$ cat structure04.txt   # compact mmCIF, C-alpha atoms and all ligand atoms
# COMPACT_ATOMS: atom_id res chain seq x y z
CA MET U 1 67.43 84.36 109.80
CA ILE U 2 69.15 87.72 110.28
CA LEU U 3 72.83 88.30 110.85
CA GLU U 4 73.68 91.69 112.29
CA ILE U 5 77.21 92.92 112.56
CA ARG U 6 77.34 96.02 114.74
CA ASN U 7 80.39 98.25 115.00
CA LEU U 8 82.59 95.22 114.86
CA SER U 9 86.30 95.74 115.45
CA ALA U 10 88.87 92.99 115.53
CA SER U 11 92.60 92.48 115.70
CA VAL U 12 95.02 89.74 114.83
CA GLU U 13 98.45 89.50 116.42
CA ASP U 14 97.79 92.87 118.11
CA LYS U 15 97.22 94.52 114.76
CA GLN U 16 93.87 96.25 114.42
CA ILE U 17 92.30 94.98 111.19
CA LEU U 18 88.56 95.59 111.38
CA LYS U 19 87.22 98.93 112.51
CA ASP U 20 83.54 99.54 113.20
CA VAL U 21 82.13 97.23 110.55
CA ASN U 22 78.35 97.35 110.19
CA LEU U 23 76.38 94.88 108.08
CA LYS U 24 72.93 93.37 108.19
CA ILE U 25 72.09 90.26 106.20
CA GLY U 26 68.61 88.81 106.20
CA GLY U 27 67.12 85.61 104.83
CA GLY U 28 66.46 85.83 101.11
CA GLU U 29 69.29 88.33 100.66
CA ILE U 30 72.48 88.05 98.66
CA HIS U 31 75.29 90.35 99.73
CA ALA U 32 78.63 90.71 98.02
CA LEU U 33 81.67 91.90 99.94
CA MET U 34 84.42 93.35 97.83
CA GLY U 35 87.57 95.31 98.52
CA PRO U 36 91.28 95.50 97.75
CA ASN U 37 93.77 92.86 98.88
CA GLY U 38 94.45 93.07 102.58
CA ALA U 39 91.32 95.11 103.34
CA GLY U 40 90.15 92.60 105.94
CA LYS U 41 87.51 90.58 104.06
CA SER U 42 88.79 87.15 105.04
CA THR U 43 89.42 88.48 108.54
CA LEU U 44 85.72 89.37 108.76
CA GLY U 45 84.83 85.83 107.69
CA ASN U 46 87.17 84.37 110.27
CA VAL U 47 85.84 86.61 113.02
CA LEU U 48 82.28 85.64 112.13
CA ILE U 49 82.95 81.94 112.54
CA GLY U 50 84.93 82.49 115.72
CA HIS U 51 88.42 81.60 114.51
CA PRO U 52 90.58 81.62 117.65
CA ASP U 53 93.41 83.71 116.12
CA TYR U 54 91.14 86.71 115.69
CA LYS U 55 90.33 88.87 118.68
CA ILE U 56 87.17 90.95 118.82
CA THR U 57 88.01 94.35 120.25
CA GLY U 58 84.58 95.93 120.01
CA GLY U 59 81.06 95.63 118.72
CA GLN U 60 78.63 92.75 118.41
CA ILE U 61 77.60 89.86 116.20
CA ILE U 62 73.89 89.11 116.51
CA LEU U 63 72.23 86.11 114.89
CA ASP U 64 68.45 86.03 115.04
CA GLY U 65 68.48 88.38 117.99
CA LYS U 66 71.01 86.28 119.88
CA ASP U 67 74.39 87.73 120.75
CA ILE U 68 77.01 85.32 119.43
CA THR U 69 79.96 87.73 119.62
CA TYR U 70 81.86 85.47 121.97
CA ALA U 71 80.22 82.14 121.15
CA THR U 72 82.40 79.15 120.26
CA PRO U 73 82.61 78.02 116.63
CA GLU U 74 80.40 75.04 117.52
CA GLU U 75 77.75 77.30 119.05
CA ARG U 76 77.83 79.47 115.95
CA ALA U 77 77.48 76.47 113.67
CA ARG U 78 74.54 75.27 115.75
CA ALA U 79 72.93 78.67 115.27
CA GLY U 80 73.19 78.10 111.51
CA LEU U 81 76.25 80.14 110.60
CA PHE U 82 78.48 78.62 108.00
CA LEU U 83 81.86 79.41 106.57
CA ALA U 84 83.42 76.60 104.68
CA PHE U 85 86.72 75.56 106.17
CA GLN U 86 89.64 76.98 104.30
CA SER U 87 92.56 76.43 106.57
CA PRO U 88 92.10 72.80 107.39
CA VAL U 89 94.75 72.52 110.11
CA ALA U 90 92.16 71.75 112.75
CA VAL U 91 90.74 68.81 110.85
CA GLU U 92 93.93 67.20 109.60
CA GLY U 93 93.66 63.44 109.43
CA VAL U 94 89.86 63.45 109.74
CA ARG U 95 87.98 61.62 107.02
CA ILE U 96 85.48 63.65 105.04
CA SER U 97 82.61 61.40 106.06
CA THR U 98 83.48 61.75 109.76
CA PHE U 99 84.04 65.49 109.49
CA LEU U 100 80.68 66.06 107.81
CA ARG U 101 78.89 63.87 110.32
CA ILE U 102 80.34 65.77 113.28
CA ALA U 103 79.64 69.13 111.66
CA TYR U 104 76.09 68.03 110.81
CA SER U 105 75.41 66.93 114.37
CA HIS U 106 76.56 70.39 115.58
CA LEU U 107 74.17 72.09 113.19
CA HIS U 108 71.26 69.74 113.69
CA PRO U 109 71.63 68.36 117.22
CA ASP U 110 68.10 66.97 117.32
CA GLU U 111 68.42 64.82 114.21
CA LYS U 112 69.49 61.23 114.47
CA ILE U 113 72.02 60.26 111.81
CA VAL U 114 71.99 56.83 110.25
CA ILE U 115 75.54 56.48 109.01
CA SER U 116 74.82 54.42 105.89
CA GLU U 117 72.05 56.79 104.86
CA PHE U 118 74.19 59.84 105.61
CA ASN U 119 77.09 58.49 103.56
CA LYS U 120 74.73 57.84 100.69
CA ARG U 121 73.69 61.47 100.85
CA ILE U 122 77.35 62.52 100.77
CA LYS U 123 78.02 60.35 97.74
CA GLU U 124 75.10 61.87 95.87
CA ALA U 125 76.28 65.38 96.71
CA MET U 126 79.78 64.43 95.57
CA LYS U 127 78.38 63.58 92.20
CA THR U 128 76.59 66.94 92.09
CA VAL U 129 79.77 68.90 92.82
CA GLY U 130 81.96 66.72 90.63
CA LEU U 131 84.10 64.99 93.25
CA ASP U 132 84.98 61.36 92.79
CA GLU U 133 83.30 58.92 95.21
CA SER U 134 86.68 57.84 96.51
CA PHE U 135 86.97 61.24 98.20
CA ILE U 136 84.61 60.10 100.91
CA SER U 137 87.38 58.24 102.71
CA ARG U 138 90.04 60.89 102.19
CA SER U 139 91.13 63.31 104.89
CA VAL U 140 89.63 66.78 104.80
CA ASN U 141 91.51 68.94 102.30
CA ASP U 142 94.55 66.67 102.48
CA GLY U 143 96.22 66.93 99.09
CA PHE U 144 93.15 68.47 97.50
CA SER U 145 93.75 70.60 94.44
CA GLY U 146 92.55 74.20 94.56
CA GLY U 147 89.42 73.32 92.62
CA GLU U 148 88.71 70.24 94.73
CA ARG U 149 88.78 72.38 97.87
CA LYS U 150 86.20 74.72 96.39
CA ARG U 151 84.01 71.82 95.31
CA PHE U 152 84.30 70.48 98.84
CA GLU U 153 83.06 73.82 100.20
CA ILE U 154 79.92 73.52 98.09
CA LEU U 155 79.57 69.91 99.19
CA GLN U 156 79.64 71.08 102.81
CA MET U 157 76.89 73.57 102.09
CA LEU U 158 74.70 70.93 100.43
CA ILE U 159 75.15 68.42 103.22
CA LEU U 160 75.20 70.66 106.29
CA LYS U 161 72.32 72.89 105.17
CA PRO U 162 73.26 76.06 107.04
CA LYS U 163 71.15 79.23 107.06
CA MET U 164 73.78 81.95 106.82
CA ILE U 165 76.44 81.24 104.27
CA ILE U 166 79.73 83.06 103.99
CA LEU U 167 81.81 82.12 100.98
CA ASP U 168 85.32 83.51 100.74
CA GLU U 169 86.52 83.56 97.13
CA ILE U 170 84.60 80.46 96.15
CA ASP U 171 85.11 81.56 92.55
CA SER U 172 88.88 81.91 92.43
CA GLY U 173 90.92 79.20 90.78
CA LEU U 174 87.96 77.32 89.34
CA ASP U 175 87.74 76.04 85.79
CA VAL U 176 84.79 77.16 83.67
CA ASP U 177 82.70 74.06 84.33
CA ALA U 178 83.30 74.19 88.07
CA LEU U 179 82.39 77.86 88.15
CA ARG U 180 79.12 77.10 86.39
CA MET U 181 78.40 74.26 88.82
CA VAL U 182 79.11 76.49 91.82
CA ALA U 183 76.82 79.25 90.55
CA GLU U 184 74.12 76.70 89.77
CA GLN U 185 74.27 75.10 93.23
CA LEU U 186 74.29 78.47 94.98
CA LYS U 187 71.20 79.50 93.04
CA LYS U 188 69.49 76.21 93.77
CA TYR U 189 70.22 76.31 97.50
CA PHE U 190 69.14 79.91 97.89
CA SER U 191 65.77 80.58 99.50
CA LYS U 192 63.98 83.16 101.61
CA ASP U 193 65.33 81.42 104.70
CA VAL U 194 68.94 81.62 103.61
CA GLY U 195 71.35 84.58 103.57
CA TYR U 196 74.53 84.78 101.51
CA LEU U 197 77.67 86.80 102.02
CA ILE U 198 79.82 86.29 98.97
CA ILE U 199 83.36 87.60 99.26
CA THR U 200 84.77 88.01 95.79
CA HIS U 201 87.08 89.94 93.51
CA TYR U 202 85.28 88.90 90.37
CA GLN U 203 82.27 90.04 88.39
CA ARG U 204 81.72 86.68 86.84
CA ILE U 205 80.04 84.98 89.80
CA LEU U 206 77.98 88.09 90.54
CA LYS U 207 76.54 87.89 87.05
CA ASP U 208 75.27 84.40 87.76
CA ILE U 209 74.12 85.03 91.27
CA GLU U 210 73.18 88.65 91.42
CA PRO U 211 73.59 90.41 94.77
CA GLN U 212 70.98 92.92 95.93
CA PHE U 213 73.62 94.51 98.15
CA VAL U 214 77.27 95.25 97.54
CA HIS U 215 79.64 96.40 100.28
CA VAL U 216 83.20 97.51 99.84
CA LEU U 217 85.68 97.07 102.65
CA VAL U 218 88.70 99.36 102.59
CA ASN U 219 91.26 99.48 105.39
CA GLY U 220 89.08 97.36 107.66
CA THR U 221 85.99 99.46 107.38
CA ILE U 222 83.01 99.55 105.01
CA ALA U 223 83.77 102.46 102.72
CA ILE U 224 80.60 102.30 100.66
CA ASN U 225 77.37 100.31 100.32
CA GLY U 226 75.39 99.98 97.15
CA ASP U 227 73.65 97.66 94.76
CA LYS U 228 74.93 95.61 91.83
CA SER U 229 75.90 98.80 89.97
CA LEU U 230 78.61 99.41 92.60
CA SER U 231 80.42 96.22 91.63
CA ASP U 232 80.21 97.28 87.97
CA LYS U 233 81.73 100.61 88.91
CA ILE U 234 84.58 98.87 90.72
CA GLU U 235 85.19 96.64 87.72
CA GLU U 236 85.57 99.76 85.64
CA ASN U 237 87.41 102.09 88.00
CA GLY U 238 89.19 99.90 90.56
CA TYR U 239 89.37 100.86 94.24
CA ASP U 240 91.57 103.95 94.28
CA TRP U 241 88.68 106.40 94.32
CA LEU U 242 87.39 104.65 97.46
CA LYS U 243 90.69 104.73 99.29
CA GLU U 244 90.29 108.49 99.43
CA VAL U 245 86.79 108.15 100.86
CA ALA U 246 87.82 105.64 103.56
N1 LIG U 301 96.48 85.20 111.00
C1 LIG U 301 97.03 86.37 110.68
N2 LIG U 301 98.24 86.74 111.17
C2 LIG U 301 98.78 87.94 110.85
N3 LIG U 301 98.20 88.83 110.05
C3 LIG U 301 97.01 88.53 109.53
C4 LIG U 301 96.36 87.28 109.81
N4 LIG U 301 95.18 87.27 109.16
C5 LIG U 301 95.11 88.44 108.50
N5 LIG U 301 96.19 89.19 108.72
C6 LIG U 301 96.45 90.53 108.15
O1 LIG U 301 95.26 91.25 108.16
C7 LIG U 301 95.13 92.05 106.99
C8 LIG U 301 93.84 91.72 106.30
O2 LIG U 301 93.93 90.40 105.75
P1 LIG U 301 92.71 89.65 105.06
O3 LIG U 301 93.17 88.29 104.76
O4 LIG U 301 91.53 89.81 105.91
O5 LIG U 301 92.53 90.51 103.73
P2 LIG U 301 91.54 90.27 102.51
O6 LIG U 301 90.69 91.49 102.41
O7 LIG U 301 90.87 88.97 102.64
O8 LIG U 301 92.55 90.28 101.27
P3 LIG U 301 92.59 89.39 99.92
O9 LIG U 301 91.75 90.13 98.94
O10 LIG U 301 94.03 89.46 99.54
O11 LIG U 301 92.11 88.03 100.22
C9 LIG U 301 96.37 91.75 106.15
O12 LIG U 301 97.31 92.78 106.38
C10 LIG U 301 96.86 90.44 106.70
O13 LIG U 301 98.25 90.30 106.56
MG MG U 302 90.91 87.19 101.59

$ encode --input "structure04.txt" --output "structure tokens" --more "lines below"
Ligand SMILES: Nc1ncnc2c1ncn2[C@@H]1O[C@H](COP(=O)(O)OP(=O)(O)OP(=O)(O)O)[C@@H](O)[C@H]1O
Ligand SMILES: [Mg+2]
Amino acid sequence: MILEIRNLSASVEDKQILKDVNLKIGGGEIHALMGPNGAGKSTLGNVLIGHPDYKITGGQIILDGKDITYATPEERARAGLFLAFQSPVAVEGVRISTFLRIAYSHLHPDEKIVISEFNKRIKEAMKTVGLDESFISRSVNDGFSGGERKRFEILQMLILKPKMIILDEIDSGLDVDALRMVAEQLKKYFSKDVGYLIITHYQRILKDIEPQFVHVLVNGTIAINGDKSLSDKIEENGYDWLKEVA
């Protein structure tokens, strides 16, 4: 599995946000994406999953050699790309069990799902991520606390089994135990077939799940690439020195 982002530019509401972003993420690689507030990190995530509000104005997104720049979100999911749903507007009123089943069938169209067996799997994963069993019949993200949403993102990863995983601030707003659980599950799920793009402001999660590659987005463009030491440098010095570079 290789995700290639080539000279990607994108706008939202006619405002140019991303400019010539280049990134390559292979299986067995952990990448961290950092950058100041408003740099365009979440926008990149949204563009990658094909969120309809974001317009690609240039460049390409290639997944395993296949151009998915203009593919629908369903086509992307089928190709193995995963970004946990954060703005749940589109799935309002849909039960978690139904939502996961539909999403799973997009990702694994050749597999036949036995509902009772599938629900059992969901319940087991709920235990793993620390969500009460009763959540299975609740609507997606409806009235979820901040931490419950994050736990649900990890649940989606465990159930849907995607290949390329983009996590946008999975570590913000979590209590200590939840943070440990998230890091543990991310480590456990990781393999040579799976690529991670972890968008974060914090060092903490990067200590647990160490990235080989760190990229810093400033003003919609990658200002610098490096290894783990780059995130340490940012922790120490902030982003101002990079704003001059970008
Ligand atoms: N749907 C939208 N409508 C209007 N403006 C948007 C939309 N999405 C993003 N933007 C704008 O694009 C810019 C980049 O936002 P984005 O959310 O990508 O930043 P970010 O790097 O994720 O920041 P943060 O660290 O605060 O999460 C911001 O100026 C934001 O206001
Ligand atoms: Mg963001």

$ closest_residue --input "structure04.txt" --among "U:His201, U:Lys192, U:Lys161, U:Arg121" --to "ligand LIG 301 (chain U)" --atoms "only C-alpha atoms and all ligand atoms"
U:His201

$ residues_around --input "structure04.txt" --residues "range 146-153 of chain U" --least-positions-apart "6" --cutoff "12 Å" --atoms "all atoms listed in the file" --output "JSON, numbers by chain"
{"U": [82, 83, 84, 85, 86, 87, 88, 96, 97, 99, 100, 122, 123, 125, 126, 127, 128, 129, 130, 131, 132, 135, 136, 138, 139, 140, 159, 160, 161, 165, 166, 167, 168, 169, 170, 171, 172, 173, 174, 175, 176, 177, 178, 179, 180, 181, 182, 183, 185, 186]}

$ atom_distance --input "structure04.txt" --atom1 "CA of Gly38 in chain U" --atom2 "atom O11 of ligand LIG 301 (chain U)"
6.0 Å

$ residues_around --input "structure04.txt" --residues "Val218 in chain U" --least-positions-apart "4" --cutoff "7 Å" --atoms "only C-alpha atoms" --output "MDAnalysis selection string"
chainID U and resid 35:36 39 222:223 243 246

$ closest_residue --input "structure04.txt" --among "U:Arg101, U:Lys15, U:Arg6, U:Lys41" --to "ligand LIG 301 (chain U)" --atoms "all atoms listed in the file"
U:Lys41
